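The next block is upload-v6.cif, given as mmCIF, C-alpha atoms.
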```
data_query
#
loop_
_atom_site.label_atom_id
_atom_site.label_comp_id
_atom_site.auth_asym_id
_atom_site.auth_seq_id
_atom_site.Cartn_x
_atom_site.Cartn_y
_atom_site.Cartn_z
CA ILE D 1 -84.40 89.04 51.96
CA GLY D 2 -84.18 91.05 55.17
CA GLN D 3 -82.37 88.23 56.95
CA LEU D 4 -79.96 87.81 54.05
CA LEU D 5 -79.14 91.51 54.04
CA GLU D 6 -78.70 91.54 57.79
CA PHE D 7 -76.39 88.55 57.67
CA ALA D 8 -74.30 90.05 54.87
CA ARG D 9 -73.93 93.47 56.50
CA PRO D 10 -71.09 94.13 58.96
CA MET D 11 -72.53 93.86 62.47
CA SER D 12 -72.43 97.01 64.56
CA ILE D 13 -72.95 96.71 68.30
CA GLN D 14 -74.15 99.68 70.36
CA ARG D 15 -73.44 98.68 73.97
CA ARG D 16 -75.30 100.62 76.61
CA ALA D 17 -76.32 100.15 80.21
CA THR D 18 -79.19 97.67 80.25
CA GLN D 19 -81.26 96.00 82.95
CA LEU D 20 -81.01 92.40 81.71
CA ASP D 21 -83.95 91.22 83.84
CA ASP D 22 -86.21 93.84 82.23
CA LEU D 23 -84.97 93.01 78.73
CA ILE D 24 -85.56 89.27 79.16
CA ARG D 25 -89.00 89.70 80.73
CA HIS D 26 -89.99 92.09 77.93
CA SER D 27 -88.76 89.67 75.26
CA LEU D 28 -90.79 86.86 76.87
CA LYS D 29 -93.88 89.11 76.90
CA MET D 30 -93.50 89.46 73.13
CA VAL D 31 -93.96 85.70 72.63
CA GLU D 32 -96.42 85.11 75.47
CA GLY D 33 -99.48 84.89 73.19
CA ASP D 34 -97.84 82.41 70.82
CA ALA D 35 -96.58 80.36 73.76
CA LYS D 36 -100.03 80.16 75.34
CA GLN D 37 -101.55 79.16 71.99
CA LYS D 38 -98.99 76.33 71.60
CA GLY D 39 -99.23 75.15 75.21
CA VAL D 40 -95.70 76.30 76.04
CA THR D 41 -94.97 77.44 79.59
CA LEU D 42 -92.48 80.30 79.89
CA ASN D 43 -90.07 80.37 82.85
CA VAL D 44 -87.39 82.85 83.86
CA GLU D 45 -84.69 82.45 86.47
CA SER D 46 -82.87 85.67 87.20
CA ASP D 47 -79.75 86.54 89.12
CA PRO D 48 -80.97 88.73 91.99
CA HIS D 49 -77.49 90.27 92.40
CA MET D 50 -77.11 91.43 88.79
CA GLU D 51 -77.97 95.01 88.12
CA THR D 52 -76.92 96.77 84.92
CA VAL D 53 -74.95 95.19 82.07
CA GLN D 54 -73.24 96.68 79.00
CA ILE D 55 -74.83 95.05 75.95
CA ASP D 56 -76.65 96.05 72.79
CA PRO D 57 -80.19 95.51 74.07
CA ASP D 58 -81.80 95.51 70.63
CA ARG D 59 -79.40 92.87 69.29
CA ILE D 60 -79.68 90.67 72.39
CA LYS D 61 -83.47 90.91 72.22
CA GLN D 62 -83.21 89.81 68.57
CA VAL D 63 -81.11 86.81 69.67
CA LEU D 64 -83.59 85.87 72.38
CA LEU D 65 -86.65 86.19 70.16
CA ASN D 66 -85.03 84.02 67.50
CA LEU D 67 -84.18 81.35 70.06
CA TYR D 68 -87.68 81.49 71.61
CA LEU D 69 -89.41 81.16 68.25
CA ASN D 70 -87.20 78.24 67.21
CA ALA D 71 -87.87 76.50 70.52
CA MET D 72 -91.63 77.02 70.34
CA GLU D 73 -91.72 75.82 66.76
CA ALA D 74 -89.91 72.64 67.82
CA MET D 75 -92.33 72.02 70.71
CA GLU D 76 -95.37 71.07 68.63
CA GLU D 77 -97.07 69.37 71.59
CA GLY D 78 -96.30 72.14 74.09
CA GLY D 79 -93.61 72.07 76.78
CA ASP D 80 -91.39 74.37 78.79
CA LEU D 81 -89.24 77.25 77.56
CA SER D 82 -86.86 78.53 80.22
CA VAL D 83 -84.48 81.47 80.29
CA ALA D 84 -81.86 81.85 83.00
CA PHE D 85 -79.14 84.44 83.41
CA LEU D 86 -76.43 85.18 85.87
CA GLY D 87 -73.49 87.48 86.30
CA MET D 88 -70.01 86.00 86.39
CA PRO D 89 -67.99 88.62 88.29
CA THR D 90 -64.72 86.68 88.14
CA ASN D 91 -64.45 87.21 84.39
CA HIS D 92 -66.81 90.20 84.01
CA SER D 93 -69.27 88.22 81.93
CA ILE D 94 -72.91 87.34 81.85
CA GLN D 95 -74.33 83.96 80.98
CA ILE D 96 -77.74 83.60 79.37
CA THR D 97 -79.26 80.15 78.92
CA VAL D 98 -82.33 79.33 76.83
CA SER D 99 -83.68 75.80 77.30
CA ASP D 100 -86.63 73.92 75.89
CA THR D 101 -88.24 70.53 76.39
CA GLY D 102 -88.69 69.93 72.68
CA PRO D 103 -87.59 66.95 70.61
CA GLY D 104 -83.91 67.92 70.64
CA ILE D 105 -81.49 68.21 67.75
CA LYS D 106 -79.96 65.23 66.00
CA PRO D 107 -76.24 64.86 66.84
CA GLU D 108 -75.29 65.00 63.16
CA ASP D 109 -77.02 68.41 62.81
CA LEU D 110 -75.31 70.07 65.81
CA PRO D 111 -72.01 70.97 64.04
CA ASN D 112 -73.93 72.79 61.28
CA LEU D 113 -76.43 74.62 63.45
CA PHE D 114 -74.93 78.11 63.00
CA ASP D 115 -73.92 77.66 59.36
CA PRO D 116 -75.65 80.06 56.97
CA TYR D 117 -78.43 78.39 54.97
CA PHE D 118 -78.41 75.22 57.10
CA THR D 119 -81.95 74.33 58.07
CA THR D 120 -83.99 71.26 58.88
CA LYS D 121 -87.29 73.14 58.49
CA PRO D 122 -89.24 72.97 55.24
CA SER D 123 -89.90 76.74 55.34
CA GLY D 124 -86.68 77.87 57.04
CA THR D 125 -84.00 80.06 55.45
CA GLY D 126 -81.13 78.83 57.61
CA LEU D 127 -80.18 82.40 58.50
CA GLY D 128 -81.80 82.87 61.92
CA LEU D 129 -79.21 80.99 63.97
CA ALA D 130 -76.38 82.26 61.77
CA ILE D 131 -77.46 85.82 62.70
CA VAL D 132 -77.71 84.81 66.38
CA HIS D 133 -74.14 83.50 66.21
CA LYS D 134 -72.93 86.67 64.50
CA ILE D 135 -74.55 88.90 67.15
CA ILE D 136 -72.99 86.94 70.02
CA GLU D 137 -69.58 87.00 68.29
CA SER D 138 -69.93 90.76 67.76
CA HIS D 139 -70.34 91.04 71.54
CA GLU D 140 -67.04 89.06 71.77
CA GLY D 141 -69.08 86.23 73.28
CA GLU D 142 -69.46 82.51 72.80
CA ILE D 143 -72.48 80.34 72.18
CA GLN D 144 -72.79 76.62 72.88
CA VAL D 145 -75.55 74.12 72.23
CA GLU D 146 -76.33 70.98 74.17
CA SER D 147 -79.15 68.79 72.95
CA LEU D 148 -80.49 65.32 73.58
CA VAL D 149 -82.97 63.83 71.14
CA GLY D 150 -86.27 63.36 72.95
CA GLU D 151 -85.28 65.58 75.89
CA GLY D 152 -84.69 69.10 74.61
CA THR D 153 -82.07 71.69 73.84
CA THR D 154 -80.08 74.20 75.89
CA ILE D 155 -78.30 77.14 74.30
CA THR D 156 -75.78 78.94 76.50
CA MET D 157 -74.33 82.33 75.65
CA VAL D 158 -71.47 83.93 77.54
CA ILE D 159 -70.88 87.62 76.88
CA PRO D 160 -67.66 89.05 78.37
CA HIS D 161 -67.05 92.56 79.67
CA ALA D 162 -70.74 92.99 80.17
CA LEU D 163 -71.00 93.75 83.89
CA GLU D 164 -71.06 97.34 85.02
CA ASP D 165 -68.14 98.28 87.24
#
```
Give the structure from this file in structure tokens form.
Amino acid sequence: IGQLLEFARPMSIQRRATQLDDLIRHSLKMVEGDAKQKGVTLNVESDPHMETVQIDPDRIKQVLLNLYLNAMEAMEEGGDLSVAFLGMPTNHSIQITVSDTGPGIKPEDLPNLFDPYFTTKPSGTGLGLAIVHKIIESHEGEIQVESLVGEGTTITMVIPHALED
């Protein structure tokens, strides 16, 4: 019910100066226990030149946690979950990539991935990725998915106007 209400509500974004490296490392700490239990190795690759960005840290953490949990759920036999981010000064954007070595997503499911109520999980609501999409759009960003069955999935988010001047 909470996810349904959140999806239905207009999304408000409260951008503030945020250390992206700290936010990502903190979000990974939140899933560290579950990852260890499932045999999932967590990796982070940070941009050493990026300092502060203008984002809604709570919403971006929500996005990351949703993506991490989906990835770990898909990796039933363990694997690698990687997060990378970099600043793109030419267009004042940041790029965040979340990758896993899970089973991948079937090509026929990719176009529906962010549709509300679309799910391939027996216990899923189909709202998690729809909310992720809505949060990234509210940041005026874009989200793309690349996936190969048997090799894993990479989700790339580009959020413009996020670098501090």
Worksheet item: Written as a VMD selection string, what is the full residue list that the PyMOL selection byres ((chain D and resi 153) around 12) yields on the file shown?
Response: chain D and resid 67 to 68 70 to 72 74 to 75 79 to 83 97 to 107 110 144 to 152 154 to 156
Response to the item:
Closest of D:Ile96, D:Ala162, D:Ile143, D:Val132 to Gln54 (chain D), counting only C-alpha atoms, is D:Ala162
Worksheet item: From the list D:Ile13, D:Leu113, D:Ala84, D:Leu163, which residue is nearest Ile60 (chain D) when using only C-alpha atoms?
Response: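 So, comparing all the options, the nearest one is D:Ile13.
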Item to complete: Tell me which residues the PyMOL selection byres ((chain D and resi 28) around 10) grabs here, as a VMD selection string.
Response: chain D and resid 22 to 27 29 to 33 35 42 to 44 61 64 to 65 68 81 to 83
Worksheet item: So what do you get for CA of Val53 (chain D) versus CA of Met157 (chain D), distance-wise?
Response: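 Between these atoms lies a distance of 14.4 Å.
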Worksheet item: What does the PyMOL selection byres ((chain D and resi 57) around 8) select in this file, as a list in words?
Response: Arg15, Arg16, Thr18, Leu23, Ile55, Asp56, Asp58, Arg59, Ile60 and Lys61 of chain D
Please dump the current selection as a PDB file, keeping the file's coordinate frame; keep C-alpha atoms.
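What landed in result_24.pdb:
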```pdb
ATOM      1  CA  ARG D  15     -73.440  98.680  73.970  1.00  0.00           C
ATOM      2  CA  ARG D  16     -75.300 100.620  76.610  1.00  0.00           C
ATOM      3  CA  THR D  18     -79.190  97.670  80.250  1.00  0.00           C
ATOM      4  CA  LEU D  23     -84.970  93.010  78.730  1.00  0.00           C
ATOM      5  CA  ILE D  55     -74.830  95.050  75.950  1.00  0.00           C
ATOM      6  CA  ASP D  56     -76.650  96.050  72.790  1.00  0.00           C
ATOM      7  CA  ASP D  58     -81.800  95.510  70.630  1.00  0.00           C
ATOM      8  CA  ARG D  59     -79.400  92.870  69.290  1.00  0.00           C
ATOM      9  CA  ILE D  60     -79.680  90.670  72.390  1.00  0.00           C
ATOM     10  CA  LYS D  61     -83.470  90.910  72.220  1.00  0.00           C
TER      11      LYS D  61
END
```
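Between Val158 (chain D) and the candidates D:His49, D:Lys38, D:Lys121, D:His139, the tightest atom-to-atom separation, counting all atoms listed in the file, involves D:His139.
Between CA of Glu140 (chain D) and CA of Leu69 (chain D) lies a distance of 24.0 Å.
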Box along x, y and z, 4 Å on every side, all listed atoms of region 61-77 of chain D inside: centre and edge lengths in Å to one decimal, as lines of an AutoDock Vina configuration file.
```
center_x = -89.1
center_y = 80.1
center_z = 69.6
size_x = 24.0
size_y = 29.5
size_z = 13.6
```
Item to complete: Pull the neighbourhood of (-75.8, 87.6, 79.7) for me: all residues within 6 Å in file coordinates, counting only C-alpha atoms, as a count of residues only.
Response: 5
